[in-house]
Every structure is written in C-alpha cells, then in structure tokens.
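What follows is coords-v7.txt (compact mmCIF, N, CA and C atoms).
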```txt
# COMPACT_ATOMS: atom_id res chain seq x y z
N MET H 1 9.81 5.64 -13.85
CA MET H 1 8.53 5.17 -13.31
C MET H 1 8.37 5.72 -11.89
N SER H 2 7.56 5.07 -11.09
CA SER H 2 7.20 5.57 -9.77
C SER H 2 7.94 4.86 -8.65
N LYS H 3 8.01 5.55 -7.51
CA LYS H 3 8.55 4.97 -6.28
C LYS H 3 7.35 4.50 -5.45
N ILE H 4 7.30 3.20 -5.16
CA ILE H 4 6.14 2.61 -4.49
C ILE H 4 6.58 1.92 -3.21
N LEU H 5 5.92 2.24 -2.12
CA LEU H 5 6.15 1.58 -0.84
C LEU H 5 5.14 0.46 -0.68
N VAL H 6 5.63 -0.76 -0.52
CA VAL H 6 4.78 -1.94 -0.32
C VAL H 6 4.91 -2.34 1.15
N VAL H 7 3.76 -2.48 1.82
CA VAL H 7 3.75 -2.78 3.25
C VAL H 7 2.99 -4.08 3.48
N ASP H 8 3.69 -5.09 3.98
CA ASP H 8 3.05 -6.39 4.23
C ASP H 8 3.93 -7.17 5.21
N ASP H 9 3.33 -7.79 6.20
CA ASP H 9 4.11 -8.56 7.17
C ASP H 9 4.42 -9.97 6.68
N ASN H 10 3.81 -10.38 5.58
CA ASN H 10 4.09 -11.69 5.00
C ASN H 10 5.21 -11.53 3.99
N GLU H 11 6.36 -12.13 4.28
CA GLU H 11 7.55 -11.95 3.45
C GLU H 11 7.33 -12.37 2.00
N LEU H 12 6.61 -13.47 1.78
CA LEU H 12 6.37 -13.93 0.40
C LEU H 12 5.50 -12.95 -0.36
N ASN H 13 4.43 -12.45 0.27
CA ASN H 13 3.57 -11.47 -0.38
C ASN H 13 4.34 -10.18 -0.69
N LEU H 14 5.16 -9.76 0.26
CA LEU H 14 5.94 -8.54 0.10
C LEU H 14 6.91 -8.67 -1.08
N ARG H 15 7.64 -9.77 -1.11
CA ARG H 15 8.63 -9.98 -2.17
C ARG H 15 7.97 -10.10 -3.55
N LEU H 16 6.85 -10.84 -3.62
CA LEU H 16 6.14 -11.00 -4.88
C LEU H 16 5.67 -9.65 -5.42
N ALA H 17 5.08 -8.84 -4.57
CA ALA H 17 4.60 -7.52 -5.00
C ALA H 17 5.76 -6.64 -5.45
N CYS H 18 6.83 -6.60 -4.66
CA CYS H 18 7.99 -5.78 -5.02
C CYS H 18 8.64 -6.26 -6.32
N ASP H 19 8.84 -7.56 -6.44
CA ASP H 19 9.46 -8.09 -7.66
C ASP H 19 8.62 -7.78 -8.89
N THR H 20 7.31 -7.95 -8.78
CA THR H 20 6.41 -7.68 -9.91
C THR H 20 6.47 -6.22 -10.32
N LEU H 21 6.48 -5.33 -9.35
CA LEU H 21 6.53 -3.89 -9.64
C LEU H 21 7.90 -3.49 -10.20
N GLU H 22 8.96 -4.08 -9.69
CA GLU H 22 10.30 -3.77 -10.19
C GLU H 22 10.46 -4.24 -11.64
N LEU H 23 9.90 -5.39 -11.97
CA LEU H 23 9.94 -5.87 -13.36
C LEU H 23 9.21 -4.93 -14.31
N ALA H 24 8.23 -4.21 -13.77
CA ALA H 24 7.48 -3.24 -14.57
C ALA H 24 8.16 -1.88 -14.60
N GLY H 25 9.34 -1.77 -13.95
CA GLY H 25 10.11 -0.54 -14.02
C GLY H 25 10.00 0.39 -12.84
N HIS H 26 9.25 0.01 -11.82
CA HIS H 26 9.09 0.88 -10.65
C HIS H 26 10.21 0.65 -9.64
N GLU H 27 10.48 1.67 -8.87
CA GLU H 27 11.37 1.55 -7.71
C GLU H 27 10.49 1.16 -6.53
N THR H 28 10.91 0.19 -5.73
CA THR H 28 10.10 -0.20 -4.59
C THR H 28 10.86 -0.01 -3.29
N LEU H 29 10.07 0.28 -2.26
CA LEU H 29 10.52 0.32 -0.88
C LEU H 29 9.62 -0.68 -0.17
N SER H 30 10.08 -1.22 0.96
CA SER H 30 9.23 -2.19 1.66
C SER H 30 9.26 -1.96 3.16
N ALA H 31 8.15 -2.33 3.80
CA ALA H 31 8.01 -2.26 5.25
C ALA H 31 7.20 -3.47 5.69
N VAL H 32 7.47 -3.95 6.90
CA VAL H 32 6.79 -5.15 7.39
C VAL H 32 5.74 -4.85 8.45
N ASN H 33 5.53 -3.57 8.78
CA ASN H 33 4.45 -3.20 9.69
C ASN H 33 4.10 -1.73 9.48
N GLY H 34 3.00 -1.33 10.07
CA GLY H 34 2.52 0.03 9.88
C GLY H 34 3.47 1.10 10.39
N ARG H 35 4.10 0.84 11.52
CA ARG H 35 5.04 1.83 12.09
C ARG H 35 6.19 2.11 11.11
N GLU H 36 6.76 1.03 10.57
CA GLU H 36 7.82 1.19 9.57
C GLU H 36 7.32 1.97 8.36
N SER H 37 6.08 1.69 7.94
CA SER H 37 5.55 2.35 6.75
C SER H 37 5.45 3.86 6.95
N VAL H 38 5.04 4.28 8.13
CA VAL H 38 4.94 5.72 8.42
C VAL H 38 6.33 6.35 8.37
N ASP H 39 7.29 5.71 9.01
CA ASP H 39 8.66 6.24 9.03
C ASP H 39 9.25 6.34 7.62
N ILE H 40 9.03 5.31 6.81
CA ILE H 40 9.56 5.31 5.44
C ILE H 40 8.83 6.34 4.59
N ALA H 41 7.54 6.49 4.77
CA ALA H 41 6.77 7.49 4.01
C ALA H 41 7.31 8.89 4.28
N VAL H 42 7.60 9.19 5.54
CA VAL H 42 8.14 10.51 5.89
C VAL H 42 9.52 10.70 5.27
N ALA H 43 10.36 9.69 5.37
CA ALA H 43 11.75 9.81 4.90
C ALA H 43 11.87 9.80 3.37
N GLU H 44 11.02 9.02 2.69
CA GLU H 44 11.21 8.77 1.25
C GLU H 44 10.16 9.41 0.34
N CYS H 45 9.03 9.83 0.87
CA CYS H 45 7.93 10.41 0.08
C CYS H 45 7.65 9.61 -1.20
N PRO H 46 7.20 8.36 -1.06
CA PRO H 46 6.90 7.57 -2.26
C PRO H 46 5.71 8.15 -3.02
N ASP H 47 5.57 7.73 -4.27
CA ASP H 47 4.45 8.17 -5.10
C ASP H 47 3.15 7.46 -4.74
N LEU H 48 3.27 6.27 -4.14
CA LEU H 48 2.12 5.44 -3.81
C LEU H 48 2.51 4.48 -2.69
N ILE H 49 1.55 4.19 -1.80
CA ILE H 49 1.75 3.20 -0.76
C ILE H 49 0.70 2.12 -0.92
N LEU H 50 1.16 0.86 -0.99
CA LEU H 50 0.27 -0.30 -1.01
C LEU H 50 0.32 -0.91 0.38
N MET H 51 -0.80 -0.87 1.11
CA MET H 51 -0.82 -1.16 2.54
C MET H 51 -1.67 -2.37 2.89
N ASP H 52 -1.01 -3.40 3.44
CA ASP H 52 -1.74 -4.52 4.03
C ASP H 52 -2.51 -3.99 5.23
N LEU H 53 -3.56 -4.68 5.64
CA LEU H 53 -4.35 -4.21 6.76
C LEU H 53 -3.97 -4.85 8.09
N ARG H 54 -3.81 -6.16 8.10
CA ARG H 54 -3.55 -6.88 9.35
C ARG H 54 -2.06 -7.12 9.52
N MET H 55 -1.45 -6.32 10.41
CA MET H 55 -0.01 -6.42 10.66
C MET H 55 0.27 -6.18 12.13
N PRO H 56 1.42 -6.65 12.60
CA PRO H 56 1.80 -6.39 13.99
C PRO H 56 2.27 -4.95 14.17
N ILE H 57 2.41 -4.56 15.40
CA ILE H 57 2.92 -3.26 15.85
C ILE H 57 1.93 -2.13 15.55
N MET H 58 1.60 -1.92 14.29
CA MET H 58 0.59 -0.93 13.89
C MET H 58 -0.09 -1.48 12.65
N ASN H 59 -1.44 -1.57 12.69
CA ASN H 59 -2.13 -2.13 11.53
C ASN H 59 -2.23 -1.10 10.40
N GLY H 60 -2.70 -1.55 9.26
CA GLY H 60 -2.75 -0.70 8.08
C GLY H 60 -3.66 0.50 8.20
N GLU H 61 -4.79 0.33 8.87
CA GLU H 61 -5.70 1.46 9.04
C GLU H 61 -5.07 2.54 9.91
N GLU H 62 -4.43 2.14 11.01
CA GLU H 62 -3.77 3.11 11.88
C GLU H 62 -2.64 3.83 11.15
N ALA H 63 -1.87 3.08 10.37
CA ALA H 63 -0.77 3.68 9.61
C ALA H 63 -1.30 4.66 8.57
N MET H 64 -2.35 4.26 7.85
CA MET H 64 -2.94 5.14 6.84
C MET H 64 -3.42 6.44 7.50
N GLU H 65 -4.07 6.34 8.66
CA GLU H 65 -4.57 7.53 9.34
C GLU H 65 -3.42 8.46 9.74
N GLU H 66 -2.33 7.88 10.23
CA GLU H 66 -1.18 8.70 10.60
C GLU H 66 -0.55 9.36 9.37
N ILE H 67 -0.44 8.61 8.29
CA ILE H 67 0.11 9.16 7.05
C ILE H 67 -0.77 10.30 6.53
N LYS H 68 -2.08 10.12 6.58
CA LYS H 68 -3.01 11.12 6.04
C LYS H 68 -3.13 12.37 6.92
N THR H 69 -2.72 12.29 8.19
CA THR H 69 -2.81 13.47 9.07
C THR H 69 -1.49 14.21 9.19
N ASP H 70 -0.42 13.66 8.63
CA ASP H 70 0.89 14.31 8.68
C ASP H 70 1.03 15.20 7.44
N VAL H 71 1.33 16.46 7.65
CA VAL H 71 1.44 17.41 6.54
C VAL H 71 2.49 16.98 5.52
N ARG H 72 3.50 16.23 5.96
CA ARG H 72 4.57 15.81 5.05
C ARG H 72 4.14 14.66 4.14
N THR H 73 3.12 13.90 4.53
CA THR H 73 2.75 12.69 3.78
C THR H 73 1.29 12.63 3.37
N ARG H 74 0.51 13.60 3.75
CA ARG H 74 -0.95 13.50 3.55
C ARG H 74 -1.39 13.39 2.10
N ASP H 75 -0.56 13.82 1.17
CA ASP H 75 -0.94 13.77 -0.25
C ASP H 75 -0.50 12.48 -0.94
N ILE H 76 0.16 11.59 -0.22
CA ILE H 76 0.59 10.32 -0.81
C ILE H 76 -0.62 9.38 -0.85
N PRO H 77 -0.99 8.87 -2.01
CA PRO H 77 -2.11 7.92 -2.06
C PRO H 77 -1.76 6.62 -1.33
N VAL H 78 -2.71 6.15 -0.51
CA VAL H 78 -2.54 4.90 0.22
C VAL H 78 -3.63 3.94 -0.23
N VAL H 79 -3.21 2.82 -0.80
CA VAL H 79 -4.13 1.83 -1.35
C VAL H 79 -4.12 0.59 -0.46
N ALA H 80 -5.30 0.15 -0.05
CA ALA H 80 -5.41 -1.07 0.75
C ALA H 80 -5.07 -2.28 -0.12
N LEU H 81 -4.21 -3.13 0.39
CA LEU H 81 -3.80 -4.37 -0.29
C LEU H 81 -4.16 -5.48 0.67
N THR H 82 -5.31 -6.13 0.45
CA THR H 82 -5.83 -7.02 1.47
C THR H 82 -6.44 -8.30 0.90
N ALA H 83 -6.34 -9.35 1.70
CA ALA H 83 -6.97 -10.62 1.35
C ALA H 83 -8.43 -10.64 1.76
N SER H 84 -8.85 -9.66 2.49
CA SER H 84 -10.24 -9.58 2.95
C SER H 84 -11.11 -9.15 1.77
N ALA H 85 -12.01 -10.00 1.37
CA ALA H 85 -12.82 -9.72 0.18
C ALA H 85 -14.31 -9.86 0.46
N MET H 86 -14.73 -9.41 1.62
CA MET H 86 -16.14 -9.50 1.97
C MET H 86 -16.94 -8.45 1.21
N ILE H 87 -18.21 -8.71 1.02
CA ILE H 87 -19.09 -7.76 0.33
C ILE H 87 -19.07 -6.43 1.08
N GLY H 88 -18.87 -5.36 0.37
CA GLY H 88 -18.85 -4.03 0.95
C GLY H 88 -17.50 -3.61 1.52
N GLU H 89 -16.53 -4.51 1.50
CA GLU H 89 -15.20 -4.21 2.06
C GLU H 89 -14.54 -3.04 1.34
N ARG H 90 -14.58 -3.05 0.01
CA ARG H 90 -13.96 -1.98 -0.77
C ARG H 90 -14.54 -0.62 -0.38
N GLU H 91 -15.85 -0.53 -0.33
CA GLU H 91 -16.52 0.72 0.01
C GLU H 91 -16.17 1.16 1.43
N GLN H 92 -16.10 0.20 2.34
CA GLN H 92 -15.77 0.50 3.73
C GLN H 92 -14.34 1.07 3.82
N LEU H 93 -13.41 0.44 3.12
CA LEU H 93 -12.02 0.91 3.15
C LEU H 93 -11.88 2.30 2.53
N LEU H 94 -12.56 2.53 1.42
CA LEU H 94 -12.53 3.85 0.80
C LEU H 94 -13.14 4.89 1.74
N GLY H 95 -14.19 4.50 2.45
CA GLY H 95 -14.82 5.39 3.43
C GLY H 95 -13.91 5.72 4.60
N MET H 96 -13.00 4.83 4.93
CA MET H 96 -12.04 5.06 6.03
C MET H 96 -10.95 6.05 5.62
N GLY H 97 -10.76 6.22 4.31
CA GLY H 97 -9.74 7.16 3.86
C GLY H 97 -8.71 6.57 2.92
N PHE H 98 -8.79 5.25 2.66
CA PHE H 98 -7.89 4.67 1.67
C PHE H 98 -8.25 5.22 0.29
N ASP H 99 -7.25 5.38 -0.55
CA ASP H 99 -7.45 5.95 -1.89
C ASP H 99 -7.77 4.91 -2.95
N GLY H 100 -7.68 3.64 -2.60
CA GLY H 100 -7.96 2.57 -3.54
C GLY H 100 -7.89 1.23 -2.83
N TYR H 101 -8.11 0.17 -3.61
CA TYR H 101 -8.22 -1.17 -3.05
C TYR H 101 -7.73 -2.18 -4.09
N ILE H 102 -6.83 -3.06 -3.66
CA ILE H 102 -6.40 -4.19 -4.49
C ILE H 102 -6.50 -5.43 -3.61
N SER H 103 -7.13 -6.47 -4.15
CA SER H 103 -7.29 -7.68 -3.35
C SER H 103 -6.11 -8.62 -3.54
N LYS H 104 -5.82 -9.38 -2.49
CA LYS H 104 -4.79 -10.42 -2.51
C LYS H 104 -5.50 -11.77 -2.52
N PRO H 105 -4.87 -12.78 -3.02
CA PRO H 105 -3.52 -12.78 -3.56
C PRO H 105 -3.47 -12.02 -4.88
N ILE H 106 -2.34 -11.37 -5.12
CA ILE H 106 -2.23 -10.60 -6.35
C ILE H 106 -2.06 -11.54 -7.54
N ASN H 107 -2.56 -11.11 -8.67
CA ASN H 107 -2.38 -11.83 -9.92
C ASN H 107 -1.19 -11.17 -10.61
N VAL H 108 -0.07 -11.88 -10.69
CA VAL H 108 1.16 -11.27 -11.20
C VAL H 108 1.04 -10.78 -12.64
N THR H 109 0.13 -11.33 -13.41
CA THR H 109 -0.03 -10.86 -14.79
C THR H 109 -0.84 -9.57 -14.86
N LEU H 110 -1.61 -9.27 -13.82
CA LEU H 110 -2.46 -8.08 -13.83
C LEU H 110 -2.02 -7.00 -12.85
N PHE H 111 -1.23 -7.36 -11.85
CA PHE H 111 -0.92 -6.47 -10.73
C PHE H 111 -0.27 -5.16 -11.16
N ALA H 112 0.78 -5.22 -11.96
CA ALA H 112 1.47 -3.99 -12.38
C ALA H 112 0.52 -3.06 -13.14
N GLY H 113 -0.37 -3.64 -13.94
CA GLY H 113 -1.36 -2.84 -14.66
C GLY H 113 -2.35 -2.18 -13.72
N GLU H 114 -2.78 -2.92 -12.69
CA GLU H 114 -3.69 -2.35 -11.69
C GLU H 114 -3.04 -1.16 -11.00
N VAL H 115 -1.77 -1.33 -10.63
CA VAL H 115 -1.04 -0.25 -9.97
C VAL H 115 -0.86 0.92 -10.92
N ALA H 116 -0.52 0.67 -12.17
CA ALA H 116 -0.37 1.75 -13.16
C ALA H 116 -1.67 2.51 -13.32
N ASN H 117 -2.79 1.80 -13.35
CA ASN H 117 -4.10 2.48 -13.46
C ASN H 117 -4.36 3.37 -12.25
N LEU H 118 -4.03 2.86 -11.06
CA LEU H 118 -4.21 3.67 -9.84
C LEU H 118 -3.35 4.93 -9.91
N LEU H 119 -2.10 4.76 -10.31
CA LEU H 119 -1.20 5.91 -10.40
C LEU H 119 -1.72 6.95 -11.39
N SER H 120 -2.22 6.51 -12.53
CA SER H 120 -2.72 7.47 -13.53
C SER H 120 -4.02 8.12 -13.05
N ASP H 121 -4.87 7.37 -12.36
CA ASP H 121 -6.11 7.93 -11.83
C ASP H 121 -5.85 8.98 -10.75
N MET H 122 -4.74 8.81 -10.02
CA MET H 122 -4.44 9.71 -8.90
C MET H 122 -3.52 10.86 -9.29
N ALA H 123 -3.08 10.86 -10.54
CA ALA H 123 -2.16 11.92 -10.99
C ALA H 123 -2.89 13.23 -11.21
```

Since I need it in another form, could you write the structure as structure tokens?
Amino acid sequence: MSKILVVDDNELNLRLACDTLELAGHETLSAVNGRESVDIAVAECPDLILMDLRMPIMNGEEAMEEIKTDVRTRDIPVVALTASAMIGEREQLLGMGFDGYISKPINVTLFAGEVANLLSDMA
C-alpha cells in the first residue's frame, strides 16, 4: 500500500487517523506541526500528506507552500485535513494549492476509502 504522512497537533486525531490507515494496510508517518512535516517529507518522500491547518510552529498552509516549492517534495500530494467546514472552504483550500480536502472529525468507517480514492485520483 502507500506511505502516508499524517500531520496534526492533536494527539487523539493523529493516532486515530494513523491507526485507521494502518488497519487498511498503509504505512504511516506522523508529525505534530508543519515544520516537522516538511522535514519528514524531505527525508521520507511519502506518497501522500494529510495536513491539519491550525498548528503551532508552522501552520498547514505554510508547510504545504514549502513542500510545494521544494524540488524534492513538490510532487507529493498534500490534502487538507481540517475541522473547518465553512461554505467555500474546500474551494479556497484547493485554490491555495492543496490537492484535496477531508473534513474532521474523520469517520473511521469511511476515512480509509476517502484516502484510497484520493490516492487513485492522484496516481
């Protein structure tokens, strides 16, 4: 399966997402802030990054921009993983450069399928 980097400063959200993806057969990496996510993306070249938006040290948008401008990581899809569900949010995030959008809280029965669909769409 795929190597997926999950980035979230909330330990419960991070563990739930990683556990759900691992049960579906994926390898997971985790980071608790945007700075860590950039460093791990460079070192590990995951197949997909699921990025929370509001985090300390470096937020998700800043991390995504750094990942997308680095020649070593620019082709890695970065999907916003956010609890923010305002009207037009998805379109705004895609316009910023995110490759997809998944809303939180995740539904554990649907989450792995959503991620699989994203991976197949981006292949």

message = Ranking H:His26, H:Arg90, H:Lys104, H:Lys3 by minimum distance to H:Ala41 and counting only C-alpha atoms, which one comes first?
response = H:Lys3

message = Could you pull out the helix (DSSP H, G or I) residues of stretch 66-118 of chain H, going by DSSP on the backbone, and write them as an NGL selection string?
response = :H and (66-69 or 89-96 or 111-118)

note = Across H:Glu22, H:Asp8, H:Ala123, H:Gly97, the smallest distance to H:Met58, with only C-alpha atoms counted, is shown by H:Asp8

DSSP-assigned strand (DSSP E or B) members of stretch 2-119 of chain H, reported as a PyMOL selection string = chain H and resi 3-7+27-31+48-51+78-82+100-103

request  = Calculate how many Å separate atom CA of H:Glu11 from atom CA of H:Val32, rounding to one decimal.
outcome  =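 It comes out at 7.9 Å.
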
Exercise: H:Pro56 partners within 8 Å, only C-alpha atoms, chain neighbours under 4 positions left out, as JSON, numbers by chain = {"H": [9, 33, 34]}

request  = Give the answer as one residue: which of H:Leu53, H:Leu16, H:Val71, H:Ala112 has the shortest atom-to-atom distance to H:Ala83, using all atoms listed in the file?
outcome  =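 Smallest distance to H:Ala83 is found for H:Leu53.
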
inquiry  = Measuring between all atoms listed in the file, which one of H:Thr20, H:Asn10, H:Thr28, H:Thr69 shows the shortest distance to H:Val108?
reply    =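 With all atoms listed in the file as the atom set, the closest residue is H:Thr20.
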
inquiry  = I'd like to know which of H:Gly88, H:Val79, H:Met122, H:Pro46 is closest to H:Tyr101, using all atoms listed in the file.
reply    =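 Between H:Gly88, H:Val79, H:Met122, H:Pro46, the residue approaching H:Tyr101 most closely is H:Val79.
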
inquiry  = Env of H:Leu118: 12 Å cut, atoms = only C-alpha atoms, seq-sep filter 6 positions within chain, self excluded. Answer as a PyMOL selection string.
reply    = chain H and resi 2+4+47-50+77-80+99-102+111-112

Just N, CA and C atoms for this one: save the residues we selected as a PDB file, in the coordinates of the input.
```pdb
ATOM      1  N   SER H   2       7.560   5.070 -11.090  1.00  0.00           N
ATOM      2  CA  SER H   2       7.200   5.570  -9.770  1.00  0.00           C
ATOM      3  C   SER H   2       7.940   4.860  -8.650  1.00  0.00           C
ATOM      4  N   ILE H   4       7.300   3.200  -5.160  1.00  0.00           N
ATOM      5  CA  ILE H   4       6.140   2.610  -4.490  1.00  0.00           C
ATOM      6  C   ILE H   4       6.580   1.920  -3.210  1.00  0.00           C
ATOM      7  N   ASP H  47       5.570   7.730  -4.270  1.00  0.00           N
ATOM      8  CA  ASP H  47       4.450   8.170  -5.100  1.00  0.00           C
ATOM      9  C   ASP H  47       3.150   7.460  -4.740  1.00  0.00           C
ATOM     10  N   LEU H  48       3.270   6.270  -4.140  1.00  0.00           N
ATOM     11  CA  LEU H  48       2.120   5.440  -3.810  1.00  0.00           C
ATOM     12  C   LEU H  48       2.510   4.480  -2.690  1.00  0.00           C
ATOM     13  N   ILE H  49       1.550   4.190  -1.800  1.00  0.00           N
ATOM     14  CA  ILE H  49       1.750   3.200  -0.760  1.00  0.00           C
ATOM     15  C   ILE H  49       0.700   2.120  -0.920  1.00  0.00           C
ATOM     16  N   LEU H  50       1.160   0.860  -0.990  1.00  0.00           N
ATOM     17  CA  LEU H  50       0.270  -0.300  -1.010  1.00  0.00           C
ATOM     18  C   LEU H  50       0.320  -0.910   0.380  1.00  0.00           C
ATOM     19  N   PRO H  77      -0.990   8.870  -2.010  1.00  0.00           N
ATOM     20  CA  PRO H  77      -2.110   7.920  -2.060  1.00  0.00           C
ATOM     21  C   PRO H  77      -1.760   6.620  -1.330  1.00  0.00           C
ATOM     22  N   VAL H  78      -2.710   6.150  -0.510  1.00  0.00           N
ATOM     23  CA  VAL H  78      -2.540   4.900   0.220  1.00  0.00           C
ATOM     24  C   VAL H  78      -3.630   3.940  -0.230  1.00  0.00           C
ATOM     25  N   VAL H  79      -3.210   2.820  -0.800  1.00  0.00           N
ATOM     26  CA  VAL H  79      -4.130   1.830  -1.350  1.00  0.00           C
ATOM     27  C   VAL H  79      -4.120   0.590  -0.460  1.00  0.00           C
ATOM     28  N   ALA H  80      -5.300   0.150  -0.050  1.00  0.00           N
ATOM     29  CA  ALA H  80      -5.410  -1.070   0.750  1.00  0.00           C
ATOM     30  C   ALA H  80      -5.070  -2.280  -0.120  1.00  0.00           C
ATOM     31  N   ASP H  99      -7.250   5.380  -0.550  1.00  0.00           N
ATOM     32  CA  ASP H  99      -7.450   5.950  -1.890  1.00  0.00           C
ATOM     33  C   ASP H  99      -7.770   4.910  -2.950  1.00  0.00           C
ATOM     34  N   GLY H 100      -7.680   3.640  -2.600  1.00  0.00           N
ATOM     35  CA  GLY H 100      -7.960   2.570  -3.540  1.00  0.00           C
ATOM     36  C   GLY H 100      -7.890   1.230  -2.830  1.00  0.00           C
ATOM     37  N   TYR H 101      -8.110   0.170  -3.610  1.00  0.00           N
ATOM     38  CA  TYR H 101      -8.220  -1.170  -3.050  1.00  0.00           C
ATOM     39  C   TYR H 101      -7.730  -2.180  -4.090  1.00  0.00           C
ATOM     40  N   ILE H 102      -6.830  -3.060  -3.660  1.00  0.00           N
ATOM     41  CA  ILE H 102      -6.400  -4.190  -4.490  1.00  0.00           C
ATOM     42  C   ILE H 102      -6.500  -5.430  -3.610  1.00  0.00           C
ATOM     43  N   PHE H 111      -1.230  -7.360 -11.850  1.00  0.00           N
ATOM     44  CA  PHE H 111      -0.920  -6.470 -10.730  1.00  0.00           C
ATOM     45  C   PHE H 111      -0.270  -5.160 -11.160  1.00  0.00           C
ATOM     46  N   ALA H 112       0.780  -5.220 -11.960  1.00  0.00           N
ATOM     47  CA  ALA H 112       1.470  -3.990 -12.380  1.00  0.00           C
ATOM     48  C   ALA H 112       0.520  -3.060 -13.140  1.00  0.00           C
TER      49      ALA H 112
END
```

Pick from H:Asp19, H:Val7, H:Val42, H:Ile57, whichever lies nearest to H:Thr73 using all atoms listed in the file =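 Result for the nearest residue to H:Thr73: H:Val42.
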
query = Any idea what the distance is between atom CA of H:Ser37 and atom CA of H:Asn59?
reply =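 That distance, rounded to one decimal, is 10.1 Å.
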
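Counting from atom CA of H:Cys18, the distance to atom CA of H:Asn117 is 16.9 Å.
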
Enclose the full set of atoms of stretch 98-114 of chain H listed in the file within a box whose edges lie along x, y and z, apply 3 Å of padding to each of the six sides, and report centre and edge lengths in Å to one decimal as AutoDock Vina command-line options.
```
--center_x -3.7 --center_y -3.4 --center_z -6.1 --size_x 16.3 --size_y 24.7 --size_z 23.5
```
